[in-house]
$ cat protein23.cif   # mmCIF, C-alpha atoms
data_input
loop_
_atom_site.label_atom_id
_atom_site.label_comp_id
_atom_site.auth_asym_id
_atom_site.auth_seq_id
_atom_site.Cartn_x
_atom_site.Cartn_y
_atom_site.Cartn_z
CA MET H 2 -27.90 -15.19 59.50
CA ALA H 3 -30.29 -15.98 56.64
CA GLU H 4 -34.01 -16.23 57.33
CA LYS H 5 -35.51 -19.68 57.60
CA TRP H 6 -37.11 -20.96 54.44
CA GLU H 7 -38.84 -24.08 53.22
CA ILE H 8 -40.18 -24.89 49.75
CA SER H 9 -41.64 -27.98 48.10
CA GLY H 10 -43.18 -28.87 44.76
CA ASN H 11 -42.16 -30.29 41.39
CA TYR H 12 -38.67 -30.56 39.93
CA PHE H 13 -37.42 -31.57 36.50
CA GLU H 14 -34.34 -31.37 34.36
CA SER H 15 -33.12 -32.30 30.92
CA CYS H 16 -29.64 -32.42 29.43
CA ASN H 17 -27.71 -33.47 26.33
CA CYS H 18 -26.56 -36.82 27.77
CA GLU H 19 -28.06 -40.14 26.78
CA ALA H 20 -30.58 -41.56 29.28
CA ALA H 21 -29.86 -42.10 32.05
CA CYS H 22 -27.31 -39.31 32.39
CA PRO H 23 -23.97 -40.82 33.51
CA CYS H 24 -23.07 -37.61 35.37
CA VAL H 25 -25.38 -38.52 38.25
CA PHE H 26 -23.29 -41.65 38.83
CA LEU H 27 -20.05 -39.59 38.79
CA SER H 28 -19.13 -40.85 35.31
CA PRO H 29 -18.07 -38.58 32.41
CA PRO H 30 -20.88 -37.00 30.37
CA THR H 31 -21.90 -38.79 27.17
CA THR H 32 -20.37 -36.23 24.79
CA GLY H 33 -17.62 -34.90 27.05
CA GLU H 34 -19.71 -31.96 28.27
CA CYS H 35 -23.07 -31.59 30.01
CA LYS H 36 -25.62 -28.93 29.03
CA VAL H 37 -28.57 -29.00 31.41
CA VAL H 38 -31.70 -26.98 32.10
CA VAL H 39 -33.42 -27.45 35.48
CA GLY H 40 -36.77 -26.12 36.65
CA TRP H 41 -38.67 -25.96 39.94
CA HIS H 42 -42.34 -25.21 40.52
CA ILE H 43 -43.05 -24.28 44.14
CA GLU H 44 -46.40 -25.62 45.32
CA LYS H 45 -45.97 -24.38 48.88
CA GLY H 46 -43.31 -22.60 50.86
CA ALA H 47 -41.98 -19.34 52.19
CA MET H 48 -38.88 -17.50 53.33
CA GLY H 49 -39.56 -15.76 56.62
CA GLY H 50 -42.98 -14.22 56.15
CA VAL H 51 -42.76 -14.09 52.36
CA SER H 52 -44.92 -16.69 50.58
CA LEU H 53 -43.34 -18.31 47.52
CA ALA H 54 -46.25 -20.62 46.66
CA GLY H 55 -47.06 -20.84 42.95
CA LEU H 56 -43.77 -19.38 41.73
CA ASN H 57 -41.17 -20.95 39.44
CA PHE H 58 -37.43 -20.70 39.05
CA ALA H 59 -34.84 -22.31 36.78
CA ILE H 60 -31.18 -22.65 35.98
CA ALA H 61 -29.13 -23.48 32.90
CA VAL H 62 -25.77 -25.13 33.59
CA HIS H 63 -22.81 -25.91 31.36
CA SER H 64 -20.14 -28.33 32.56
CA PRO H 65 -17.22 -28.59 30.10
CA GLY H 66 -16.24 -32.04 31.44
CA HIS H 67 -16.78 -34.47 34.30
CA MET H 68 -19.25 -32.64 36.56
CA ALA H 69 -17.44 -33.63 39.76
CA LYS H 70 -14.03 -32.53 38.44
CA VAL H 71 -14.59 -29.24 36.58
CA LYS H 72 -16.31 -25.99 37.49
CA TRP H 73 -19.75 -25.25 36.07
CA THR H 74 -21.10 -22.09 34.44
CA LEU H 75 -24.62 -21.23 35.60
CA ALA H 76 -27.39 -18.84 34.60
CA GLY H 77 -30.42 -18.42 36.87
CA TYR H 78 -33.99 -17.29 36.21
CA VAL H 79 -36.70 -16.32 38.69
CA ASP H 80 -40.42 -15.92 38.05
CA ALA H 81 -41.25 -12.50 36.62
CA ARG H 82 -44.56 -12.62 38.53
CA ALA H 83 -42.69 -12.39 41.83
CA ASN H 84 -42.95 -9.11 43.71
CA GLY H 85 -39.84 -7.44 45.10
CA ALA H 86 -39.74 -9.42 48.35
CA GLN H 87 -40.44 -12.71 46.60
CA ARG H 88 -37.77 -12.06 43.98
CA LYS H 89 -35.22 -11.26 46.68
CA ALA H 90 -36.12 -14.48 48.52
CA LEU H 91 -35.85 -16.63 45.37
CA GLU H 92 -32.53 -15.04 44.44
CA THR H 93 -31.19 -15.62 47.97
CA ILE H 94 -32.19 -19.29 47.86
CA LEU H 95 -30.93 -19.86 44.32
CA ALA H 96 -27.59 -18.14 45.01
CA GLY H 97 -27.01 -20.46 47.97
CA GLN H 98 -26.96 -17.55 50.43
CA GLY H 99 -29.80 -19.11 52.40
CA GLY H 100 -28.03 -22.41 53.00
CA GLY H 101 -29.53 -25.79 52.22
CA TYR H 102 -29.51 -27.60 48.88
CA PHE H 103 -28.28 -24.70 46.76
CA ALA H 104 -25.45 -23.86 49.13
CA ALA H 105 -24.27 -27.46 48.73
CA LEU H 106 -24.03 -26.89 44.96
CA GLY H 107 -21.78 -23.86 45.49
CA PRO H 108 -18.40 -25.66 45.34
CA PHE H 109 -19.26 -27.00 41.87
CA ILE H 110 -19.96 -23.57 40.36
CA GLY H 111 -17.13 -21.57 38.82
CA LYS H 112 -19.03 -18.75 37.12
CA VAL H 113 -22.52 -17.26 37.54
CA LEU H 114 -23.75 -15.40 34.46
CA GLY H 115 -26.53 -13.71 36.41
CA ILE H 116 -29.97 -14.33 37.88
CA SER H 117 -32.66 -12.72 35.73
CA PRO H 118 -36.44 -12.33 35.95
CA ALA H 119 -38.30 -14.24 33.24
CA LYS H 120 -41.78 -15.43 32.36
CA ILE H 121 -41.56 -19.10 33.37
CA ASP H 122 -44.35 -21.50 32.39
CA PHE H 123 -44.05 -24.85 34.17
CA GLU H 124 -46.46 -27.70 33.39
CA VAL H 125 -47.00 -31.08 35.05
CA LYS H 126 -49.12 -33.39 32.91
CA GLY H 127 -49.16 -37.10 33.73
CA LYS H 128 -45.80 -38.55 32.69
CA GLN H 129 -44.72 -35.31 31.01
CA ARG H 130 -43.02 -32.20 32.34
CA SER H 131 -42.49 -29.02 30.35
CA MET H 132 -41.15 -25.54 30.91
CA LYS H 133 -40.69 -22.38 28.91
CA ILE H 134 -38.30 -19.67 30.10
CA GLY H 135 -39.28 -16.47 28.32
CA ASN H 136 -37.93 -16.63 24.77
CA VAL H 137 -34.69 -18.39 25.77
CA GLY H 138 -35.70 -21.87 26.94
CA ASP H 139 -38.21 -24.54 25.89
CA VAL H 140 -37.95 -28.03 27.40
CA ASN H 141 -40.32 -31.01 27.41
CA ILE H 142 -39.63 -34.50 28.75
CA GLN H 143 -41.60 -37.76 28.79
CA ALA H 144 -41.08 -40.56 31.31
CA ILE H 145 -39.48 -43.75 29.97
CA GLU H 146 -41.78 -46.75 30.32
CA GLY H 147 -40.23 -49.51 32.39
CA ALA H 148 -41.14 -53.14 32.97
CA GLU H 149 -44.90 -53.74 33.20
CA GLY H 150 -45.50 -50.06 32.43
CA GLN H 151 -43.92 -48.86 35.65
CA ALA H 152 -41.73 -45.76 35.92
CA VAL H 153 -37.96 -46.17 35.82
CA THR H 154 -36.48 -44.45 38.88
CA ILE H 155 -33.13 -43.79 40.54
CA LYS H 156 -32.50 -42.86 44.16
CA ASN H 157 -29.51 -41.94 46.32
CA ASN H 158 -27.31 -41.31 43.28
CA PRO H 159 -23.86 -39.94 44.18
CA LEU H 160 -24.41 -36.52 42.58
CA GLY H 161 -27.61 -36.12 44.61
CA ILE H 162 -30.07 -34.75 42.06
CA VAL H 163 -32.98 -34.52 44.47
CA PRO H 164 -31.86 -35.73 47.89
CA GLY H 165 -34.22 -38.29 49.40
CA GLU H 166 -36.60 -38.45 46.45
CA PRO H 167 -36.68 -41.11 43.70
CA ALA H 168 -36.21 -39.42 40.31
CA VAL H 169 -38.21 -40.71 37.33
CA VAL H 170 -36.02 -41.25 34.26
CA ALA H 171 -37.30 -39.58 31.10
CA ARG H 172 -36.30 -38.49 27.60
CA SER H 173 -36.72 -35.10 26.02
CA THR H 174 -39.05 -34.38 23.13
CA ARG H 175 -37.83 -30.76 23.09
CA PHE H 176 -34.71 -29.20 24.55
CA SER H 177 -33.84 -25.69 23.45
CA TYR H 178 -31.83 -23.02 25.25
CA ARG H 179 -30.40 -19.85 23.72
CA ASP H 180 -28.93 -17.26 26.08
CA HIS H 181 -25.56 -15.92 27.27
CA GLY H 182 -23.97 -17.09 24.01
CA PHE H 183 -25.16 -20.68 24.40
CA GLN H 184 -27.21 -22.29 21.62
CA TRP H 185 -28.43 -25.71 22.68
CA GLU H 186 -30.82 -27.84 20.63
CA GLU H 187 -31.40 -31.48 21.52
CA ALA H 188 -34.14 -34.12 21.50
CA GLY H 189 -34.38 -37.72 22.61
CA LYS H 190 -31.88 -37.18 25.40
CA ASN H 191 -31.92 -37.51 29.18
CA GLY H 192 -34.48 -36.14 31.61
CA PHE H 193 -35.43 -36.59 35.28
CA PHE H 194 -38.40 -35.45 37.34
CA SER H 195 -39.57 -35.82 40.93
CA PRO H 196 -41.15 -34.00 43.82
CA PHE H 197 -38.74 -31.91 45.87
CA ALA H 198 -38.60 -30.47 49.38
CA TYR H 199 -35.77 -28.13 50.44
CA LYS H 200 -35.20 -26.00 53.50
CA GLY H 201 -32.58 -23.90 55.22
CA PRO H 202 -30.73 -22.82 57.19
#
$ encode --input "protein23.cif" --output "structure tokens"
Amino acid sequence: MAEKWEISGNYFESCNCEAACPCVFLSPPTTGECKVVVGWHIEKGAMGGVSLAGLNFAIAVHSPGHMAKVKWTLAGYVDARANGAQRKALETILAGQGGGYFAALGPFIGKVLGISPAKIDFEVKGKQRSMKIGNVGDVNIQAIEGAEGQAVTIKNNPLGIVPGEPAVVARSTRFSYRDHGFQWEEAGKNGFFSPFAYKGP
């Protein structure tokens, strides 16, 4: 049985769909495929006795069609600052072997291209979120301004981006990912961000 774990912090993602991404409502992606980069910054948390506070991890996902009907290809990245025990814990969580949120994503994933260590810089700045993944990923999003200057949010969407948390709708100012044969360059497309809290088993 996997060790108990609990992590919380900041989450964001950006993809090639128009805002707000139709995939989260179980509709087909805007261009027939979804190319998405997701990042997590852990503010507090641990697996067993291993602290994960301050670390980052990320995934890049390609869905060649309707995300609820086709299998995804996924590449994972864990913070290069992590020591051996921390890296093992992050990999266990991300691979879904520790149960919880990531285990629930398992049935959607058809191919894992690997989970690699990388220098991950994650920044939270007002209504902006940004992340750099080594020399392969560079993403920045800015919240869309809603009525009376309020944030535009979605909650309880069918795809379950961040269960239980309202996600702020944003647009990208940068979206670049080049690894595993993928070459993605977008701007002005969909983004979401929110706090997150996951645990398992």
$ resolve_selection --input "protein23.cif" --expression "the PyMOL selection byres ((chain H and resi 26) around 8)" --output "PyMOL selection string"
chain H and resi 22-25+27-28+158-160
$ closest_residue --input "protein23.cif" --among "H:Tyr78, H:Phe109, H:Phe197, H:Tyr12" --to "Ile121 (chain H)" --atoms "all atoms listed in the file"
H:Tyr78
$ closest_residue --input "protein23.cif" --among "H:His63, H:Arg172, H:Lys45, H:Lys5" --to "Trp185 (chain H)" --atoms "only C-alpha atoms"
H:His63
$ closest_residue --input "protein23.cif" --among "H:Val113, H:Ala59, H:Ile43, H:Leu53" --to "Trp73 (chain H)" --atoms "only C-alpha atoms"
H:Val113
$ residues_near_point --input "protein23.cif" --point "(-33.4, -44.2, 48.7)" --cutoff "8 Å" --atoms "all atoms listed in the file" --output "PyMOL selection string"
chain H and resi 156-157+165-167
$ resolve_selection --input "protein23.cif" --expression "the PyMOL selection byres ((chain H and resi 106) around 12)" --output "list in words"
Val62, Met68, Ala69, Lys72, Trp73, Thr74, Leu75, Ile94, Leu95, Ala96, Gly97, Gln98, Gly100, Gly101, Tyr102, Phe103, Ala104, Ala105, Gly107, Pro108, Phe109, Ile110, Gly111, Leu160, Gly161, Ile162 and Val163 of chain H
$ closest_residue --input "protein23.cif" --among "H:Lys70, H:Gly77, H:Cys35, H:Glu7" --to "Val51 (chain H)" --atoms "all atoms listed in the file"
H:Glu7
$ closest_residue --input "protein23.cif" --among "H:Gly189, H:Pro29, H:Gly201, H:Pro196" --to "Phe176 (chain H)" --atoms "all atoms listed in the file"
H:Gly189
$ residues_near_point --input "protein23.cif" --point "(-31.3, -31.6, 38.1)" --cutoff "9 Å" --atoms "all atoms listed in the file" --output "ChimeraX atom specification"
/H:12-16,37-40,161-163,192-194
$ closest_residue --input "protein23.cif" --among "H:Val140, H:Leu91, H:Val153, H:Ile8" --to "Gly46 (chain H)" --atoms "all atoms listed in the file"
H:Ile8
$ resolve_selection --input "protein23.cif" --expression "the PyMOL selection byres ((chain H and resi 89) around 12)" --output "list in words"
Glu4, Ala47, Met48, Gly49, Val51, Ser52, Leu53, Val79, Asp80, Ala81, Ala83, Asn84, Gly85, Ala86, Gln87, Arg88, Ala90, Leu91, Glu92, Thr93, Ile94, Leu95, Ala96, Gln98, Gly99, Ile116, Ser117 and Pro118 of chain H
$ write_last_selection --input "protein23.cif" --atoms "C-alpha atoms" --output "mmCIF file, in the frame of the given file"
data_model
loop_
_atom_site.group_PDB
_atom_site.id
_atom_site.type_symbol
_atom_site.label_atom_id
_atom_site.label_comp_id
_atom_site.auth_asym_id
_atom_site.auth_seq_id
_atom_site.Cartn_x
_atom_site.Cartn_y
_atom_site.Cartn_z
ATOM 1 C CA GLU H 4 -34.010 -16.230 57.330
ATOM 2 C CA ALA H 47 -41.980 -19.340 52.190
ATOM 3 C CA MET H 48 -38.880 -17.500 53.330
ATOM 4 C CA GLY H 49 -39.560 -15.760 56.620
ATOM 5 C CA VAL H 51 -42.760 -14.090 52.360
ATOM 6 C CA SER H 52 -44.920 -16.690 50.580
ATOM 7 C CA LEU H 53 -43.340 -18.310 47.520
ATOM 8 C CA VAL H 79 -36.700 -16.320 38.690
ATOM 9 C CA ASP H 80 -40.420 -15.920 38.050
ATOM 10 C CA ALA H 81 -41.250 -12.500 36.620
ATOM 11 C CA ALA H 83 -42.690 -12.390 41.830
ATOM 12 C CA ASN H 84 -42.950 -9.110 43.710
ATOM 13 C CA GLY H 85 -39.840 -7.440 45.100
ATOM 14 C CA ALA H 86 -39.740 -9.420 48.350
ATOM 15 C CA GLN H 87 -40.440 -12.710 46.600
ATOM 16 C CA ARG H 88 -37.770 -12.060 43.980
ATOM 17 C CA ALA H 90 -36.120 -14.480 48.520
ATOM 18 C CA LEU H 91 -35.850 -16.630 45.370
ATOM 19 C CA GLU H 92 -32.530 -15.040 44.440
ATOM 20 C CA THR H 93 -31.190 -15.620 47.970
ATOM 21 C CA ILE H 94 -32.190 -19.290 47.860
ATOM 22 C CA LEU H 95 -30.930 -19.860 44.320
ATOM 23 C CA ALA H 96 -27.590 -18.140 45.010
ATOM 24 C CA GLN H 98 -26.960 -17.550 50.430
ATOM 25 C CA GLY H 99 -29.800 -19.110 52.400
ATOM 26 C CA ILE H 116 -29.970 -14.330 37.880
ATOM 27 C CA SER H 117 -32.660 -12.720 35.730
ATOM 28 C CA PRO H 118 -36.440 -12.330 35.950
#
$ atom_distance --input "protein23.cif" --atom1 "CA of Gly55 (chain H)" --atom2 "CA of Gly10 (chain H)"
9.1 Å
$ atom_distance --input "protein23.cif" --atom1 "CA of Val137 (chain H)" --atom2 "CA of Gly33 (chain H)"
23.8 Å
$ atom_distance --input "protein23.cif" --atom1 "CA of Arg82 (chain H)" --atom2 "CA of Ser177 (chain H)"
22.7 Å
$ residues_around --input "protein23.cif" --residues "Thr32 (chain H)" --least-positions-apart "5" --cutoff "9 Å" --atoms "only C-alpha atoms" --output "ChimeraX atom specification"
/H:17-19,66
$ residues_around --input "protein23.cif" --residues "Gln143 (chain H)" --least-positions-apart "4" --cutoff "6 Å" --atoms "only C-alpha atoms" --output "PDB file with C-alpha atoms, keeping the file's coordinate frame"
ATOM      1  CA  LYS H 128     -45.800 -38.550  32.690  1.00  0.00           C
ATOM      2  CA  GLN H 129     -44.720 -35.310  31.010  1.00  0.00           C
ATOM      3  CA  ALA H 171     -37.300 -39.580  31.100  1.00  0.00           C
ATOM      4  CA  ARG H 172     -36.300 -38.490  27.600  1.00  0.00           C
TER       5      ARG H 172
END
$ decode --input "protein23.cif" --residues "region 44-109 of chain H" --atoms "C-alpha atoms" --output "PDB file, in the first residue's frame"
ATOM      1  CA  GLU H  44       3.415  25.282  -0.945  1.00  0.00           C
ATOM      2  CA  LYS H  45       3.063  22.614   1.716  1.00  0.00           C
ATOM      3  CA  GLY H  46       2.829  18.855   1.825  1.00  0.00           C
ATOM      4  CA  ALA H  47       4.615  15.575   2.263  1.00  0.00           C
ATOM      5  CA  MET H  48       4.549  11.884   1.433  1.00  0.00           C
ATOM      6  CA  GLY H  49       5.162   9.853   4.564  1.00  0.00           C
ATOM      7  CA  GLY H  50       7.991  11.661   6.297  1.00  0.00           C
ATOM      8  CA  VAL H  51       9.330  13.278   3.121  1.00  0.00           C
ATOM      9  CA  SER H  52       8.586  17.016   2.848  1.00  0.00           C
ATOM     10  CA  LEU H  53       7.642  18.239  -0.636  1.00  0.00           C
ATOM     11  CA  ALA H  54       7.144  21.906   0.284  1.00  0.00           C
ATOM     12  CA  GLY H  55       8.555  24.381  -2.224  1.00  0.00           C
ATOM     13  CA  LEU H  56       8.909  21.900  -5.083  1.00  0.00           C
ATOM     14  CA  ASN H  57       7.332  22.019  -8.546  1.00  0.00           C
ATOM     15  CA  PHE H  58       6.193  19.460 -11.067  1.00  0.00           C
ATOM     16  CA  ALA H  59       4.576  19.594 -14.495  1.00  0.00           C
ATOM     17  CA  ILE H  60       3.105  17.596 -17.337  1.00  0.00           C
ATOM     18  CA  ALA H  61       2.645  18.090 -21.063  1.00  0.00           C
ATOM     19  CA  VAL H  62      -0.332  16.272 -22.582  1.00  0.00           C
ATOM     20  CA  HIS H  63      -1.402  15.688 -26.163  1.00  0.00           C
ATOM     21  CA  SER H  64      -4.932  14.515 -26.907  1.00  0.00           C
ATOM     22  CA  PRO H  65      -5.473  13.795 -30.633  1.00  0.00           C
ATOM     23  CA  GLY H  66      -9.251  14.271 -30.307  1.00  0.00           C
ATOM     24  CA  HIS H  67     -12.088  14.543 -27.804  1.00  0.00           C
ATOM     25  CA  MET H  68     -10.337  14.212 -24.428  1.00  0.00           C
ATOM     26  CA  ALA H  69     -13.004  11.922 -22.984  1.00  0.00           C
ATOM     27  CA  LYS H  70     -12.967   9.600 -26.010  1.00  0.00           C
ATOM     28  CA  VAL H  71      -9.307   9.159 -27.006  1.00  0.00           C
ATOM     29  CA  LYS H  72      -6.176   8.215 -25.098  1.00  0.00           C
ATOM     30  CA  TRP H  73      -3.686  10.916 -24.160  1.00  0.00           C
ATOM     31  CA  THR H  74       0.094  10.990 -24.517  1.00  0.00           C
ATOM     32  CA  LEU H  75       1.827  12.444 -21.462  1.00  0.00           C
ATOM     33  CA  ALA H  76       5.313  13.609 -20.495  1.00  0.00           C
ATOM     34  CA  GLY H  77       6.092  14.413 -16.856  1.00  0.00           C
ATOM     35  CA  TYR H  78       8.699  16.640 -15.218  1.00  0.00           C
ATOM     36  CA  VAL H  79       9.748  16.823 -11.566  1.00  0.00           C
ATOM     37  CA  ASP H  80      11.791  19.526  -9.861  1.00  0.00           C
ATOM     38  CA  ALA H  81      15.522  19.002 -10.348  1.00  0.00           C
ATOM     39  CA  ARG H  82      16.076  20.463  -6.856  1.00  0.00           C
ATOM     40  CA  ALA H  83      14.385  17.429  -5.295  1.00  0.00           C
ATOM     41  CA  ASN H  84      16.622  14.975  -3.474  1.00  0.00           C
ATOM     42  CA  GLY H  85      16.322  11.251  -4.117  1.00  0.00           C
ATOM     43  CA  ALA H  86      13.476  10.644  -1.659  1.00  0.00           C
ATOM     44  CA  GLN H  87      11.564  13.713  -2.818  1.00  0.00           C
ATOM     45  CA  ARG H  88      11.962  12.772  -6.470  1.00  0.00           C
ATOM     46  CA  LYS H  89      10.686   9.259  -5.778  1.00  0.00           C
ATOM     47  CA  ALA H  90       7.676  10.697  -3.922  1.00  0.00           C
ATOM     48  CA  LEU H  91       6.831  13.155  -6.720  1.00  0.00           C
ATOM     49  CA  GLU H  92       7.181  10.446  -9.360  1.00  0.00           C
ATOM     50  CA  THR H  93       4.935   8.105  -7.339  1.00  0.00           C
ATOM     51  CA  ILE H  94       2.254  10.789  -7.013  1.00  0.00           C
ATOM     52  CA  LEU H  95       2.488  11.914 -10.638  1.00  0.00           C
ATOM     53  CA  ALA H  96       2.384   8.343 -11.974  1.00  0.00           C
ATOM     54  CA  GLY H  97      -0.844   7.726 -10.053  1.00  0.00           C
ATOM     55  CA  GLN H  98       0.762   4.971  -7.971  1.00  0.00           C
ATOM     56  CA  GLY H  99      -0.116   6.829  -4.776  1.00  0.00           C
ATOM     57  CA  GLY H 100      -3.835   7.032  -5.505  1.00  0.00           C
ATOM     58  CA  GLY H 101      -5.841  10.232  -5.412  1.00  0.00           C
ATOM     59  CA  TYR H 102      -6.228  12.789  -8.200  1.00  0.00           C
ATOM     60  CA  PHE H 103      -3.523  11.431 -10.490  1.00  0.00           C
ATOM     61  CA  ALA H 104      -4.755   7.855 -10.218  1.00  0.00           C
ATOM     62  CA  ALA H 105      -8.143   9.115 -11.417  1.00  0.00           C
ATOM     63  CA  LEU H 106      -6.455  10.473 -14.564  1.00  0.00           C
ATOM     64  CA  GLY H 107      -4.958   7.049 -15.323  1.00  0.00           C
ATOM     65  CA  PRO H 108      -7.783   5.700 -17.535  1.00  0.00           C
ATOM     66  CA  PHE H 109      -7.382   8.689 -19.881  1.00  0.00           C
TER      67      PHE H 109
END
